[in-house]
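Trainee: Please find start31.cif (mmCIF, C-alpha atoms) on the next line:
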```cif
data_my_file
loop_
_atom_site.group_PDB
_atom_site.id
_atom_site.type_symbol
_atom_site.label_atom_id
_atom_site.label_comp_id
_atom_site.auth_asym_id
_atom_site.auth_seq_id
_atom_site.Cartn_x
_atom_site.Cartn_y
_atom_site.Cartn_z
ATOM 1 C CA MET U 1 131.156 177.295 -72.507
ATOM 2 C CA GLU U 2 132.255 175.870 -75.854
ATOM 3 C CA THR U 3 134.576 173.428 -74.064
ATOM 4 C CA LEU U 4 131.664 172.222 -71.945
ATOM 5 C CA ALA U 5 129.482 171.746 -75.024
ATOM 6 C CA THR U 6 132.243 169.758 -76.744
ATOM 7 C CA VAL U 7 132.753 167.560 -73.665
ATOM 8 C CA ILE U 8 129.020 166.860 -73.346
ATOM 9 C CA GLY U 9 128.796 165.971 -77.038
ATOM 10 C CA VAL U 10 131.765 163.598 -76.799
ATOM 11 C CA VAL U 11 130.244 162.025 -73.674
ATOM 12 C CA HIS U 12 127.020 161.262 -75.548
ATOM 13 C CA ILE U 13 128.960 159.664 -78.418
ATOM 14 C CA ALA U 14 130.933 157.618 -75.878
ATOM 15 C CA ALA U 15 127.721 156.432 -74.209
ATOM 16 C CA ALA U 16 126.405 155.313 -77.607
ATOM 17 C CA ILE U 17 129.650 153.394 -78.246
ATOM 18 C CA ALA U 18 129.398 151.766 -74.802
ATOM 19 C CA LEU U 19 125.915 150.531 -75.695
ATOM 20 C CA LEU U 20 127.243 148.953 -78.923
ATOM 21 C CA ASN U 21 128.338 145.907 -76.921
ATOM 22 C CA GLY U 22 124.670 144.953 -76.972
ATOM 23 C CA VAL U 23 125.347 143.618 -80.495
ATOM 24 C CA THR U 24 127.814 140.980 -79.319
ATOM 25 C CA THR U 25 125.761 140.213 -76.197
ATOM 26 C CA THR U 26 122.716 139.550 -78.360
ATOM 27 C CA PHE U 27 124.705 137.264 -80.651
ATOM 28 C CA GLY U 28 125.857 135.244 -77.646
ATOM 29 C CA GLN U 29 122.349 135.013 -76.221
ATOM 30 C CA ALA U 30 120.917 134.033 -79.605
ATOM 31 C CA LYS U 31 123.440 131.185 -79.815
ATOM 32 C CA ILE U 32 122.461 129.971 -76.326
ATOM 33 C CA ALA U 33 118.729 130.086 -77.123
ATOM 34 C CA ALA U 34 119.207 128.349 -80.496
ATOM 35 C CA GLN U 35 121.227 125.533 -78.956
ATOM 36 C CA ALA U 36 118.702 125.118 -76.134
ATOM 37 C CA ILE U 37 115.784 124.902 -78.560
ATOM 38 C CA GLU U 38 117.701 122.389 -80.672
ATOM 39 C CA SER U 39 118.413 120.170 -77.685
ATOM 40 C CA ILE U 40 114.818 120.427 -76.416
ATOM 41 C CA ALA U 41 113.590 119.385 -79.871
ATOM 42 C CA ARG U 42 115.989 116.439 -79.858
ATOM 43 C CA GLN U 43 115.223 115.365 -76.283
ATOM 44 C CA PRO U 44 111.851 116.748 -75.104
ATOM 45 C CA GLU U 45 111.906 114.790 -71.811
ATOM 46 C CA ALA U 46 114.955 116.785 -70.630
ATOM 47 C CA ALA U 47 113.207 120.105 -71.345
ATOM 48 C CA ASP U 48 113.024 121.253 -67.700
ATOM 49 C CA SER U 49 116.709 120.937 -66.882
ATOM 50 C CA ILE U 50 117.717 122.378 -70.265
ATOM 51 C CA ARG U 51 115.427 125.348 -69.684
ATOM 52 C CA SER U 52 116.882 126.208 -66.284
ATOM 53 C CA ALA U 53 120.440 125.816 -67.609
ATOM 54 C CA MET U 54 119.490 128.075 -70.524
ATOM 55 C CA PHE U 55 118.238 130.821 -68.190
ATOM 56 C CA VAL U 56 121.438 130.713 -66.142
ATOM 57 C CA GLY U 57 123.520 130.863 -69.323
ATOM 58 C CA LEU U 58 121.466 133.784 -70.634
ATOM 59 C CA ALA U 59 122.003 135.644 -67.361
ATOM 60 C CA MET U 60 125.749 135.020 -67.520
ATOM 61 C CA ALA U 61 125.949 136.254 -71.119
ATOM 62 C CA GLU U 62 123.839 139.283 -70.219
ATOM 63 C CA THR U 63 126.392 140.554 -67.677
ATOM 64 C CA SER U 64 128.623 142.314 -70.220
ATOM 65 C CA GLY U 65 125.615 144.025 -71.783
ATOM 66 C CA ILE U 66 124.493 145.249 -68.352
ATOM 67 C CA TYR U 67 127.988 146.591 -67.643
ATOM 68 C CA GLY U 68 127.870 148.555 -70.899
ATOM 69 C CA LEU U 69 124.454 149.971 -69.969
ATOM 70 C CA LEU U 70 125.715 150.998 -66.518
ATOM 71 C CA ILE U 71 128.801 152.689 -68.008
ATOM 72 C CA ALA U 72 126.552 154.599 -70.420
ATOM 73 C CA ILE U 73 124.212 155.642 -67.576
ATOM 74 C CA ILE U 74 127.101 156.757 -65.361
ATOM 75 C CA MET U 75 128.586 158.773 -68.223
ATOM 76 C CA LEU U 76 125.277 160.488 -68.965
ATOM 77 C CA PHE U 77 123.854 161.164 -65.491
ATOM 78 C CA ALA U 78 126.676 160.972 -62.952
ATOM 79 C CA ASN U 79 129.745 161.994 -64.920
ATOM 80 C CA PRO U 80 132.493 163.279 -62.581
ATOM 81 C CA LEU U 81 134.298 164.954 -65.513
ATOM 82 C CA ILE U 82 131.402 167.270 -66.307
ATOM 83 C CA ASN U 83 130.952 168.258 -62.660
ATOM 84 C CA THR U 84 134.661 169.096 -62.385
ATOM 85 C CA LEU U 85 134.532 171.092 -65.606
ATOM 86 C CA VAL U 86 131.456 173.049 -64.460
ATOM 87 C CA SER U 87 133.104 173.935 -61.156
ATOM 88 C CA LEU U 88 136.287 174.978 -63.013
ATOM 89 C CA LEU U 89 134.376 177.222 -65.430
ATOM 90 C CA ASN U 90 132.470 179.031 -62.683
ATOM 91 C CA MET P 1 111.805 163.724 -66.078
ATOM 92 C CA ASP P 2 113.686 162.674 -62.992
ATOM 93 C CA LEU P 3 115.603 159.414 -62.855
ATOM 94 C CA SER P 4 117.431 159.895 -59.569
ATOM 95 C CA VAL P 5 116.338 158.543 -56.193
ATOM 96 C CA LYS P 6 114.522 161.348 -54.386
ATOM 97 C CA ASN P 7 115.195 162.256 -50.772
ATOM 98 C CA LEU P 8 111.985 162.429 -48.722
ATOM 99 C CA TRP P 9 112.997 163.497 -45.219
ATOM 100 C CA VAL P 10 116.165 164.293 -43.292
ATOM 101 C CA LEU P 11 116.042 163.107 -39.681
ATOM 102 C CA GLN P 12 118.361 164.388 -36.961
ATOM 103 C CA ILE P 13 119.305 161.489 -34.672
ATOM 104 C CA ALA P 14 121.855 162.493 -31.999
ATOM 105 C CA GLY P 15 123.347 165.151 -34.258
ATOM 106 C CA VAL P 16 123.767 162.753 -37.189
ATOM 107 C CA GLU P 17 121.808 163.422 -40.365
ATOM 108 C CA VAL P 18 119.847 160.338 -41.484
ATOM 109 C CA TRP P 19 118.440 160.598 -44.980
ATOM 110 C CA ILE P 20 115.185 158.770 -45.603
ATOM 111 C CA THR P 21 115.212 158.234 -49.362
ATOM 112 C CA GLU P 22 112.461 156.937 -51.616
ATOM 113 C CA THR P 23 114.209 153.544 -51.680
ATOM 114 C CA ILE P 24 114.140 153.168 -47.891
ATOM 115 C CA PHE P 25 110.492 154.236 -47.691
ATOM 116 C CA ASN P 26 109.421 151.801 -50.435
ATOM 117 C CA THR P 27 111.481 149.013 -48.888
ATOM 118 C CA TRP P 28 109.650 149.505 -45.587
ATOM 119 C CA LEU P 29 106.292 149.522 -47.379
ATOM 120 C CA ILE P 30 107.123 146.207 -49.055
ATOM 121 C CA MET P 31 108.414 144.784 -45.784
ATOM 122 C CA LEU P 32 105.176 145.817 -44.093
ATOM 123 C CA PHE P 33 103.184 144.060 -46.821
ATOM 124 C CA LEU P 34 105.272 140.876 -46.569
ATOM 125 C CA ILE P 35 105.170 140.856 -42.760
ATOM 126 C CA GLY P 36 101.390 141.305 -42.882
ATOM 127 C CA LEU P 37 101.140 138.365 -45.280
ATOM 128 C CA ALA P 38 103.317 136.252 -42.983
ATOM 129 C CA VAL P 39 101.234 137.156 -39.916
ATOM 130 C CA ILE P 40 98.000 136.261 -41.740
ATOM 131 C CA ALA P 41 99.528 132.934 -42.809
ATOM 132 C CA ARG P 42 100.648 132.283 -39.223
ATOM 133 C CA ILE P 43 97.180 132.979 -37.797
ATOM 134 C CA LYS P 44 95.525 130.788 -40.420
ATOM 135 C CA LEU P 45 98.091 128.044 -39.725
ATOM 136 C CA ARG P 46 96.233 127.114 -36.530
ATOM 137 C CA LYS P 47 93.132 126.178 -38.494
ATOM 138 C CA PHE P 48 94.958 124.173 -41.169
ATOM 139 C CA LYS P 49 93.416 120.803 -41.993
ATOM 140 C CA THR P 50 94.830 117.583 -43.437
ATOM 141 C CA ILE P 51 92.994 118.117 -46.705
ATOM 142 C CA PRO P 52 93.918 121.656 -47.869
ATOM 143 C CA THR P 53 91.430 124.088 -49.404
ATOM 144 C CA GLY P 54 91.605 127.670 -50.629
ATOM 145 C CA PHE P 55 94.197 129.816 -48.859
ATOM 146 C CA GLN P 56 95.982 126.844 -47.298
ATOM 147 C CA ASN P 57 96.326 125.261 -50.738
ATOM 148 C CA VAL P 58 98.112 128.326 -52.146
ATOM 149 C CA ILE P 59 100.515 128.663 -49.197
ATOM 150 C CA GLU P 60 101.389 124.954 -49.199
ATOM 151 C CA ALA P 61 101.891 124.899 -52.975
ATOM 152 C CA VAL P 62 104.209 127.945 -52.927
ATOM 153 C CA VAL P 63 106.333 126.621 -50.066
ATOM 154 C CA GLU P 64 106.497 123.117 -51.539
ATOM 155 C CA ILE P 65 107.500 124.364 -54.995
ATOM 156 C CA PHE P 66 110.268 126.504 -53.540
ATOM 157 C CA ASP P 67 111.506 123.732 -51.256
ATOM 158 C CA HIS P 68 111.662 121.327 -54.184
ATOM 159 C CA PHE P 69 113.480 123.911 -56.322
ATOM 160 C CA ALA P 70 116.007 124.680 -53.575
ATOM 161 C CA SER P 71 116.735 121.067 -52.702
ATOM 162 C CA SER P 72 117.166 120.103 -56.366
ATOM 163 C CA THR P 73 119.610 122.993 -56.907
ATOM 164 C CA LEU P 74 121.442 122.772 -53.574
ATOM 165 C CA GLY P 75 121.288 119.081 -52.782
ATOM 166 C CA GLU P 76 119.540 117.616 -49.737
ATOM 167 C CA LYS P 77 122.451 118.300 -47.383
ATOM 168 C CA LEU P 78 122.434 122.092 -47.841
ATOM 169 C CA ALA P 79 118.683 122.578 -48.266
ATOM 170 C CA TYR P 80 118.303 123.963 -44.724
ATOM 171 C CA ILE P 81 119.175 127.501 -45.942
ATOM 172 C CA ALA P 82 116.173 127.507 -48.316
ATOM 173 C CA PRO P 83 113.962 129.749 -46.043
ATOM 174 C CA TRP P 84 116.405 132.656 -46.348
ATOM 175 C CA PHE P 85 116.269 132.445 -50.132
ATOM 176 C CA PHE P 86 112.490 132.160 -50.060
ATOM 177 C CA MET P 87 112.499 135.511 -48.235
ATOM 178 C CA VAL P 88 114.924 136.999 -50.801
ATOM 179 C CA PHE P 89 112.751 135.634 -53.631
ATOM 180 C CA MET P 90 109.548 137.135 -52.195
ATOM 181 C CA PHE P 91 111.241 140.476 -51.487
ATOM 182 C CA ILE P 92 112.809 140.923 -54.942
ATOM 183 C CA LEU P 93 109.641 139.751 -56.693
ATOM 184 C CA SER P 94 107.345 142.087 -54.760
ATOM 185 C CA SER P 95 109.726 145.028 -55.081
ATOM 186 C CA SER P 96 109.901 144.653 -58.858
ATOM 187 C CA LEU P 97 106.115 144.264 -58.974
ATOM 188 C CA SER P 98 105.731 147.411 -56.825
ATOM 189 C CA SER P 99 106.651 149.634 -59.778
ATOM 190 C CA VAL P 100 103.410 148.510 -61.409
ATOM 191 C CA PHE P 101 101.650 150.460 -58.617
ATOM 192 C CA GLY P 102 103.651 153.612 -59.325
ATOM 193 C CA LEU P 103 106.326 153.215 -56.664
ATOM 194 C CA ARG P 104 109.976 153.449 -57.641
ATOM 195 C CA ALA P 105 111.247 149.871 -57.365
ATOM 196 C CA PRO P 106 113.755 149.529 -54.482
ATOM 197 C CA THR P 107 115.771 147.123 -56.644
ATOM 198 C CA ALA P 108 116.368 149.985 -59.111
ATOM 199 C CA ASP P 109 118.769 151.398 -56.506
ATOM 200 C CA TRP P 110 122.192 149.812 -56.243
ATOM 201 C CA ILE P 111 122.132 149.956 -52.419
ATOM 202 C CA THR P 112 119.344 147.349 -52.164
ATOM 203 C CA THR P 113 120.771 144.926 -54.701
ATOM 204 C CA PHE P 114 124.264 145.204 -53.255
ATOM 205 C CA ALA P 115 122.940 144.490 -49.758
ATOM 206 C CA LEU P 116 121.238 141.314 -51.036
ATOM 207 C CA ALA P 117 124.292 140.232 -53.047
ATOM 208 C CA PHE P 118 126.581 140.919 -50.079
ATOM 209 C CA ALA P 119 124.352 138.722 -47.902
ATOM 210 C CA THR P 120 124.769 135.952 -50.488
ATOM 211 C CA PHE P 121 128.543 136.496 -50.449
ATOM 212 C CA THR P 122 128.736 136.310 -46.639
ATOM 213 C CA LEU P 123 126.548 133.214 -46.619
ATOM 214 C CA MET P 124 128.768 131.650 -49.286
ATOM 215 C CA LEU P 125 131.915 132.178 -47.204
ATOM 216 C CA ALA P 126 130.202 130.962 -44.021
ATOM 217 C CA MET P 127 128.826 127.816 -45.680
ATOM 218 C CA GLY P 128 132.193 127.117 -47.299
ATOM 219 C CA PHE P 129 134.044 127.326 -43.976
ATOM 220 C CA LYS P 130 131.334 125.403 -42.151
ATOM 221 C CA HIS P 131 131.127 122.440 -44.519
ATOM 222 C CA ARG P 132 134.655 122.183 -45.914
ATOM 223 C CA LYS P 133 136.729 123.969 -43.233
ATOM 224 C CA GLY P 134 140.409 123.886 -44.306
ATOM 225 C CA ASP P 135 139.674 122.587 -47.776
ATOM 226 C CA TYR P 136 137.749 125.735 -48.629
ATOM 227 C CA LEU P 137 140.709 127.922 -47.671
ATOM 228 C CA LYS P 138 142.962 125.619 -49.701
ATOM 229 C CA SER P 139 140.726 126.018 -52.763
ATOM 230 C CA PHE P 140 141.830 129.656 -53.005
ATOM 231 C CA PHE P 141 145.375 128.423 -53.655
ATOM 232 C CA SER P 142 144.071 125.542 -55.754
ATOM 233 C CA PRO P 143 146.334 124.768 -58.721
ATOM 234 C CA HIS P 144 149.298 126.697 -57.353
ATOM 235 C CA PRO P 145 149.743 129.488 -54.733
ATOM 236 C CA ILE P 146 150.572 131.855 -57.618
ATOM 237 C CA PHE P 147 146.862 131.813 -58.574
ATOM 238 C CA PHE P 148 145.740 133.261 -55.212
ATOM 239 C CA PRO P 149 145.180 136.866 -56.467
ATOM 240 C CA LEU P 150 143.190 135.609 -59.457
ATOM 241 C CA ASN P 151 141.034 133.333 -57.274
ATOM 242 C CA LEU P 152 140.447 136.176 -54.810
ATOM 243 C CA LEU P 153 139.394 138.533 -57.630
ATOM 244 C CA GLY P 154 137.082 135.866 -59.020
ATOM 245 C CA GLU P 155 135.381 135.475 -55.643
ATOM 246 C CA LEU P 156 135.097 139.253 -55.100
ATOM 247 C CA ALA P 157 133.576 139.717 -58.564
ATOM 248 C CA LYS P 158 130.638 137.459 -57.640
ATOM 249 C CA PRO P 159 128.638 139.892 -55.427
ATOM 250 C CA VAL P 160 129.454 142.772 -57.791
ATOM 251 C CA SER P 161 128.201 141.004 -60.913
ATOM 252 C CA LEU P 162 125.196 139.573 -59.035
ATOM 253 C CA SER P 163 124.119 143.002 -57.772
ATOM 254 C CA PHE P 164 124.805 144.857 -61.029
ATOM 255 C CA ARG P 165 122.795 142.338 -63.057
ATOM 256 C CA LEU P 166 119.614 142.873 -61.040
ATOM 257 C CA PHE P 167 120.218 146.622 -60.698
ATOM 258 C CA GLY P 168 120.875 147.134 -64.418
ATOM 259 C CA ASN P 169 117.764 145.237 -65.476
ATOM 260 C CA MET P 170 115.450 147.037 -63.054
ATOM 261 C CA LEU P 171 117.002 150.447 -63.795
ATOM 262 C CA SER P 172 116.614 149.987 -67.555
ATOM 263 C CA GLY P 173 112.902 149.272 -67.068
ATOM 264 C CA THR P 174 112.541 152.331 -64.835
ATOM 265 C CA ILE P 175 114.353 154.551 -67.366
ATOM 266 C CA ILE P 176 112.297 153.365 -70.331
ATOM 267 C CA LEU P 177 109.001 153.867 -68.462
ATOM 268 C CA THR P 178 110.053 157.296 -67.167
ATOM 269 C CA LEU P 179 111.046 158.332 -70.711
ATOM 270 C CA TYR P 180 107.725 157.067 -72.054
ATOM 271 C CA TYR P 181 105.702 158.990 -69.458
ATOM 272 C CA ALA P 182 107.796 162.143 -69.950
ATOM 273 C CA LEU P 183 107.909 162.282 -73.742
ATOM 274 C CA THR P 184 104.460 161.173 -74.915
ATOM 275 C CA PRO P 185 101.233 163.207 -74.941
ATOM 276 C CA VAL P 186 98.609 162.400 -72.308
ATOM 277 C CA PHE P 187 96.149 160.522 -74.532
ATOM 278 C CA VAL P 188 98.613 157.653 -75.235
ATOM 279 C CA GLN P 189 99.413 157.273 -71.550
ATOM 280 C CA ILE P 190 96.219 155.316 -70.905
ATOM 281 C CA GLY P 191 96.291 151.631 -71.747
ATOM 282 C CA ILE P 192 99.513 151.353 -73.744
ATOM 283 C CA PRO P 193 101.868 151.563 -70.703
ATOM 284 C CA VAL P 194 100.226 148.369 -69.423
ATOM 285 C CA LEU P 195 102.165 146.426 -72.067
ATOM 286 C CA LEU P 196 105.427 148.148 -71.118
ATOM 287 C CA HIS P 197 104.784 147.502 -67.416
ATOM 288 C CA ALA P 198 103.939 143.867 -68.135
ATOM 289 C CA PHE P 199 107.156 143.406 -70.085
ATOM 290 C CA PHE P 200 109.686 145.408 -68.060
ATOM 291 C CA ASP P 201 108.329 144.955 -64.541
ATOM 292 C CA VAL P 202 106.481 141.645 -64.448
ATOM 293 C CA VAL P 203 108.391 139.498 -66.972
ATOM 294 C CA PHE P 204 111.878 140.937 -66.410
ATOM 295 C CA GLY P 205 111.274 141.184 -62.670
ATOM 296 C CA ALA P 206 110.233 137.547 -62.336
ATOM 297 C CA LEU P 207 113.044 136.336 -64.597
ATOM 298 C CA GLN P 208 115.725 138.328 -62.807
ATOM 299 C CA THR P 209 114.414 137.209 -59.405
ATOM 300 C CA TYR P 210 114.684 133.588 -60.517
ATOM 301 C CA ILE P 211 118.187 134.182 -61.886
ATOM 302 C CA PHE P 212 119.372 135.990 -58.751
ATOM 303 C CA VAL P 213 118.174 133.172 -56.501
ATOM 304 C CA ILE P 214 119.440 130.311 -58.693
ATOM 305 C CA LEU P 215 122.873 131.936 -59.117
ATOM 306 C CA SER P 216 123.122 132.529 -55.346
ATOM 307 C CA LEU P 217 122.234 128.880 -54.713
ATOM 308 C CA MET P 218 124.803 127.705 -57.259
ATOM 309 C CA TYR P 219 127.554 129.874 -55.746
ATOM 310 C CA ILE P 220 126.764 128.467 -52.289
ATOM 311 C CA ARG P 221 126.739 124.912 -53.572
ATOM 312 C CA GLY P 222 130.058 125.520 -55.321
ATOM 313 C CA ALA P 223 131.575 126.841 -52.087
ATOM 314 C CA ALA P 224 130.155 124.179 -49.778
ATOM 315 C CA GLU P 225 130.765 121.021 -51.813
#
```
Once more with this new file: its structure as structure tokens, please.

Mentor:
Amino acid sequence: METLATVIGVVHIAAAIALLNGVTTTFGQAKIAAQAIESIARQPEAADSIRSAMFVGLAMAETSGIYGLLIAIIMLFANPLINTLVSLLN
Amino acid sequence: MDLSVKNLWVLQIAGVEVWITETIFNTWLIMLFLIGLAVIARIKLRKFKTIPTGFQNVIEAVVEIFDHFASSTLGEKLAYIAPWFFMVFMFILSSSLSSVFGLRAPTADWITTFALAFATFTLMLAMGFKHRKGDYLKSFFSPHPIFFPLNLLGELAKPVSLSFRLFGNMLSGTIILTLYYALTPVFVQIGIPVLLHAFFDVVFGALQTYIFVILSLMYIRGAAE
């Protein structure tokens, strides 16, 4: 039982670490948004094309953050390790 | 608090168990709604006039805006696949809006998003072979044949990243709303969730729909030109 508790605790810490990549993702997205706003301010007539390029860039930068979220979710709710451990302990 | 996709019924068809999950049921509900809308538009189409008013105005505006968007992203030559992406757009948008009405969004299940992304992937390969024939096959070996495994991995990563992006966004909204409903007392569950729904379902749903469609169109243009 103690082993299981330790494993579950470590899994929660690991999920928190996996979500830390949100920091770098946010920095990347902030850079994209800042550059887009700067170029819209410099050239307002090109705002439409800049905006659509900005959304695509944001989506691309978001991918790594989403992967981190999915890894965290899989570790918390569908962890194969915990299931194996439970079946071993019984 | 239950985040998993619930199983509603188990059907026995010729000795094979067919599981009707919440996702399948909600997908059919949304399809019914969209088909009903299409049938109404088709019946009204007979009475359409040269100068549009009311319902006709809305339908024409929506179709024209999407056609313009598709042909400016794809180029005039490839714009004939726009109707398929209009369907994908309407389906993803209405399925992310369906969680406002208390349904579990079908796009918060990886099966749905992977099916849509796999359709994009198949269409990308088909359009590439149709418009560029041998050149498309050659582009997999482009700088040097040594790069073939890398190019193949890059192509295979496209449907995976496309499906996970939509799935992750919709699932995060579902999780946050489920946590909110499970953890707060009843008297804050009236009114305040409207803001959360507006942010996570309407705004994120519309944005991710737009991004899914525009990325699919860009992949297809990259393969076919």

Trainee: List the residues matched by the PyMOL selection byres ((chain U) within 10 of (chain P)) in the displayed structure as an MDAnalysis selection string, ordered by chain and then by residue number.

Mentor: chainID U and resid 52 55:60 62:70 73 77:78

Trainee: Around all of range 8-24 of chain P's listed atoms, make the axis-aligned box with 6 Å on each side and tell me centre and edge lengths in Å to one decimal, as lines of an AutoDock Vina configuration file.

Mentor:
```
center_x = 117.9
center_y = 159.2
center_z = -41.8
size_x = 23.8
size_y = 24.0
size_z = 31.7
```

Trainee: Mind giving me the straight-line distance from CA of Met90 in chain P to CA of Thr209 in chain P in Å, one decimal?

Mentor: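 Going from CA of Met90 in chain P over to CA of Thr209 in chain P, I get 8.7 Å.
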
Trainee: For a test of reading the model, state the distance in Å between CA of Thr23 in chain P and CA of Phe204 in chain P, rounded to one decimal.

Mentor: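 CA of Phe204 in chain P lies 19.5 Å from CA of Thr23 in chain P.
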
Trainee: Identify all residues satisfying the PyMOL selection byres ((chain U and resi 11) around 10) in the given file; provide them as a list in words.

Mentor: Ala5, Thr6, Val7, Ile8, Gly9, Val10, His12, Ile13, Ala14, Ala15, Ala16, Ile17, Ala72, Met75, Leu76, Asn79, Leu81 and Ile82 of chain U
